[in-house]
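J.: Shown below is the structure under consideration.
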2 protein chains.
Amino acid sequence: MRDIARHAGVSVNTVSRALTGKPDVNAETRARVQDLAKELGYMPNLLARALLRGRSSLIGLVVTDCTNPFYAGLIRAIESSLARLGYGMLLATSNEDTGKEDRALTILQEHRVDGILLTAVDVEAEHVRRLLSGLTPVVLLARRSPVYEGPFVGTDNVAGAEQIMRYLIDQGHRRIAHIGRSDAATSGGERLRGYRSALAKAGIDVDESLIFPTLPSLEGGEAACDWLLGLHPAPTAVFAYNDTQAIGLMQALQQRGRQVPRDYSVAGFDDIQVSHLISPQLTTVAQPVDEIGARGASILIDLLNGQPAPAPMLLQPTLVLRQSTGASHPRTA
Amino acid sequence: MRDIARHAGVSVNTVSRALTGKPDVNAETRARVQDLAKELGYMPNLLARALLRGRSSLIGLVVTDCTNPFYAGLIRAIESSLARLGYGMLLATSNEDTGKEDRALTILQEHRVDGILLTAVDVEAEHVRRLLSGLTPVVLLARRSPVYEGPFVGTDNVAGAEQIMRYLIDQGHRRIAHIGRSDAATSGGERLRGYRSALAKAGIDVDESLIFPTLPSLEGGEAACDWLLGLHPAPTAVFAYNDTQAIGLMQALQQRGRQVPRDYSVAGFDDIQVSHLISPQLTTVAQPVDEIGARGASILIDLLNGQPAPAPMLLQPTLVLRQSTGASHPRTA
DNA sequence: CATGCTATAGACACCGTAAACGATCATCTT
DNA sequence: AAGATGATCGTTTACGGTGTCTATAGCATG
């Protein structure tokens, strides 16, 4: 900028005014300065501007694992929203480790991000509490504590689970097993709640022995196979916490000579891309990933602009019926 | 920092020295300052530090699409490497659009990232040329122009294609089709080169009518199905540019009543996660994603520390044999 | 006691930009 | 023609840290 000022024979400040479109600059001078800026390849130093204005135009995003297709979609939606609004995105990954998450958040704050979008490993953790009571605006995504009433965007997991369960019940299934999530993630509890309430609404007693908490991974799904085959009387359908588990289960079932959906209907949650590539294609519940990302970003930006903190926002998932579920058949075994 | 200085009864400068571990501070004073810093919840302002030192501790990463599992893996590897080295990562997505890429790169530079990791949409594009001849250190990932001799890390696509082709040839296949990539991405040309050279080495003439350039997507693979079925004499195997195409093709073939690998052996490239979830599991070539990311990051950091620019680095992919390929059967048709 | 050395800490400048204020000059008003 | 007005531009200051130079005190040395 100094260079431009010297070449143009004006002060640094005039250059600043000319380039940022402020008034009090002669049109001629402005044109000359702008030409020179282009010629010299000038780029504003956002660091300096940030330091002065106390706004970095940077948003921090923390996810647990960007190779998870759900988070990958989230990242894409957020990045594109933020880019459109003129913000840069600092991405950090916690890898489901609270310690790493804590450090990542500290780094983000030291870089003076204007706000943070967080899918927390453990919403109750001490460092999350500290963050939420701090000055940096934060919007939680996908996971929240039940008592938290601040900015949040996520899927209505209870409603999604109820939808898929109602569908299975409508198909004639009465003994429906649930593969759950064994860790602290709140979505596990919510989907389980939907499982229970759908059964209750249909007048079916919940059989606790039909619930199997495990890891939300392929291996978790595979592990559930043995458990499932050991149940008597056998369930006719299974609702898994997520697609990955459901796929693991289906693979294991097929290896044991069972057929889906003939022997067992299997339903998942998330609608990751794989789900319509495997055979049979998986019936599941699609999360509105793009909308979660876009809403999260816009809520955060609104917060930065001084809007009051909105209440938690639950978005509705949609049922995706495919081939892995069917009508209940009477058991021959 | 001013607060700490006042509370401790020392100058701001002394606080700085105490906290950054510089010498010339009394051990007692240092301890007092550090205690106060913790108590007051002090966080260094990296913006200010960056402005002064001319280093932001920020690295920019530009990928075409973070929902692509290959790039998602790359992002994870890079993020974890950078975090370990004390750098933040600014992520931008080009969505295969050179205009968006250009804008993203500008934003990154305005934020004064210390260096950029780039998987360019089009390595020959004007704005990429400009970037490479600029001052910001850049390491290209995965895609490069043949004439570029600067910092680059990627897969040896030619060798990977040769490996899988040699395997198919060893299985007795002689008429092997190739579904290619229709756009400018260099990896397309490289894999095609491997296809040709493997055939040449085996003494098989390249039949240009067996090469079908299309989109690197599911749809591209599906589109290739009609073409494939129209070939006479029919090939016994297909080598696709990537797994996604291969999967699209297999689905389309199965819908037409053809069986894989009985009627056609199908091989892909990339080893995305889906590949071992579908049936038949896909034979493919695995890219060393983690290593590409880790090497890319460390090369960039070396550049920042004044090391001379290294030559392009090609990493070897590994063959993953699964169920979608088999020995060549004589055609009955 | 003068001198020089060391340990410690303060003062000042500076990074690149922008807001606030002040100065200059031409033009307009009466 | 004197004063008011407005357009244009320069000067000063600040953002939060850190490198460099300088100042002071305490101590050992000759």
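Chain labels run A, B, ... following the order of the structure tokens; each chain numbers its residues from 1, and ligands are numbered from 1 in the order shown.
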Write out as a PyMOL selection string every residue belonging to chain A that has an atom at most 8 Å from any atom of chain C, counting only C-alpha atoms (C1' of nucleotides).
T.: chain A and resi 13+16+45+48-49+52
J.: May I ask you to extract the residues of chain A within 9 Å of chain D, using only C-alpha atoms (C1' of nucleotides), and to give them as a list in words?
T.: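 Listing them in order of chain and number gives Val10, Ser11, Asn13, Thr14, Asp24, Val25, Asn26, Ala48, Arg49, Ala50, Leu51, Leu52, Arg53 and Gly54 of chain A.
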J.: Extract, using only C-alpha atoms (C1' of nucleotides), all DNA, RNA and protein residues at most 10 Å from Gly160 in chain B, discarding same-chain residues fewer than 2 positions from it, and format them as a PyMOL selection string.
T.: chain B and resi 155-158+162-166+190-191+194-195+269-270+284-287+315-319
J.: For the residues selected in the previous step, produce a file with C-alpha atoms as a PDB file, in the first residue's frame.
T.:
```
ATOM      1  CA  THR B 155       0.249 -41.134  -6.989  1.00  0.00           C
ATOM      2  CA  ASP B 156       2.189 -42.756  -9.781  1.00  0.00           C
ATOM      3  CA  ASN B 157      -0.889 -43.193 -11.935  1.00  0.00           C
ATOM      4  CA  VAL B 158       0.982 -44.707 -14.828  1.00  0.00           C
ATOM      5  CA  GLU B 162       0.179 -50.751 -15.506  1.00  0.00           C
ATOM      6  CA  GLN B 163      -0.093 -52.925 -12.405  1.00  0.00           C
ATOM      7  CA  ILE B 164      -3.780 -53.551 -12.729  1.00  0.00           C
ATOM      8  CA  MET B 165      -3.497 -54.081 -16.473  1.00  0.00           C
ATOM      9  CA  ARG B 166      -0.678 -56.569 -16.028  1.00  0.00           C
ATOM     10  CA  GLU B 190      -1.639 -40.824 -16.927  1.00  0.00           C
ATOM     11  CA  ARG B 191      -3.871 -43.803 -16.293  1.00  0.00           C
ATOM     12  CA  GLY B 194      -0.422 -46.882 -18.187  1.00  0.00           C
ATOM     13  CA  TYR B 195      -3.201 -48.731 -19.988  1.00  0.00           C
ATOM     14  CA  PHE B 269      -8.841 -47.098  -9.247  1.00  0.00           C
ATOM     15  CA  ASP B 270      -8.707 -45.287  -5.858  1.00  0.00           C
ATOM     16  CA  THR B 284      -8.923 -51.721  -7.621  1.00  0.00           C
ATOM     17  CA  VAL B 285      -5.724 -49.787  -7.056  1.00  0.00           C
ATOM     18  CA  ALA B 286      -5.328 -48.088  -3.697  1.00  0.00           C
ATOM     19  CA  GLN B 287      -3.796 -44.635  -3.601  1.00  0.00           C
ATOM     20  CA  LEU B 315       4.206 -42.440  -4.534  1.00  0.00           C
ATOM     21  CA  GLN B 316       3.420 -46.002  -5.482  1.00  0.00           C
ATOM     22  CA  PRO B 317      -0.160 -47.245  -5.338  1.00  0.00           C
ATOM     23  CA  THR B 318      -0.953 -50.820  -4.355  1.00  0.00           C
ATOM     24  CA  LEU B 319      -3.069 -53.395  -6.111  1.00  0.00           C
TER      25      LEU B 319
END
```
J.: Report the distance between CA of Phe239 in chain B and CA of Ala267 in chain B in Å, rounded to one decimal place.
T.: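 CA of Ala267 in chain B lies 4.9 Å from CA of Phe239 in chain B.
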J.: For Asp243 in chain A, which residue among A:Ile107, A:Ile179, A:Leu229, A:Val153 is the nearest when counting only C-alpha atoms?
T.: A:Ile179
J.: From a DSSP pass on the backbone, collect the residues of range 151-285 of chain A flagged as strand (DSSP E) and hand them back as a list in words.
T.: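 Listing strand (DSSP E) positions across range 151-285 of chain A yields Phe152, Val153, Gly154, Thr155, Ile176, Ala177, His178, Ile179, Gly180, Arg181, Ile211, Phe212, Pro213, Thr214, Ala237, Val238, Phe239, Ala240, Ser265, Val266, Ala267, Thr284 and Val285 of chain A.
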J.: May I ask you to extract the residues of chain A within 7 Å of chain B, using only C-alpha atoms, and to give them as a ChimeraX atom specification?
T.: /A:43-48,51,66-67,69,72-73,76,79,88-92,110-112,274,277-279
J.: Leaving out Arg262 in chain A and any residue of its chain fewer than 2 positions from it, which residues lie within 12 Å of it when counting only C-alpha atoms (C1' of nucleotides), given as an MDAnalysis selection string?
T.: chainID A and resid 236:237 250 253:254 257:260 264:266 280 323:332
J.: Those same residues - C-alpha atoms - I'd like them written as a compact mmCIF listing (two decimals), in the first residue's frame.
T.:
```txt
# COMPACT_ATOMS: atom_id res chain seq x y z
CA THR A 236 -38.30 -59.80 11.81
CA ALA A 237 -36.74 -56.39 11.44
CA MET A 250 -26.30 -57.01 6.31
CA LEU A 253 -26.10 -61.78 7.69
CA GLN A 254 -25.41 -62.57 4.06
CA GLY A 257 -26.66 -67.36 4.56
CA ARG A 258 -29.50 -65.11 5.67
CA GLN A 259 -31.26 -62.92 3.15
CA VAL A 260 -32.32 -59.32 3.44
CA TYR A 264 -34.74 -59.73 8.20
CA SER A 265 -35.73 -56.25 7.19
CA VAL A 266 -32.86 -53.86 7.92
CA PRO A 280 -29.97 -54.69 -1.49
CA GLN A 323 -34.90 -52.56 -0.93
CA SER A 324 -33.61 -53.70 2.44
CA THR A 325 -37.01 -53.67 4.08
CA GLY A 326 -40.23 -55.44 3.27
CA ALA A 327 -43.39 -56.85 4.73
CA SER A 328 -43.11 -59.14 7.72
CA HIS A 329 -43.36 -62.83 6.89
CA PRO A 330 -44.44 -65.46 9.38
CA ARG A 331 -41.38 -67.27 10.69
CA THR A 332 -41.05 -70.83 9.56
```
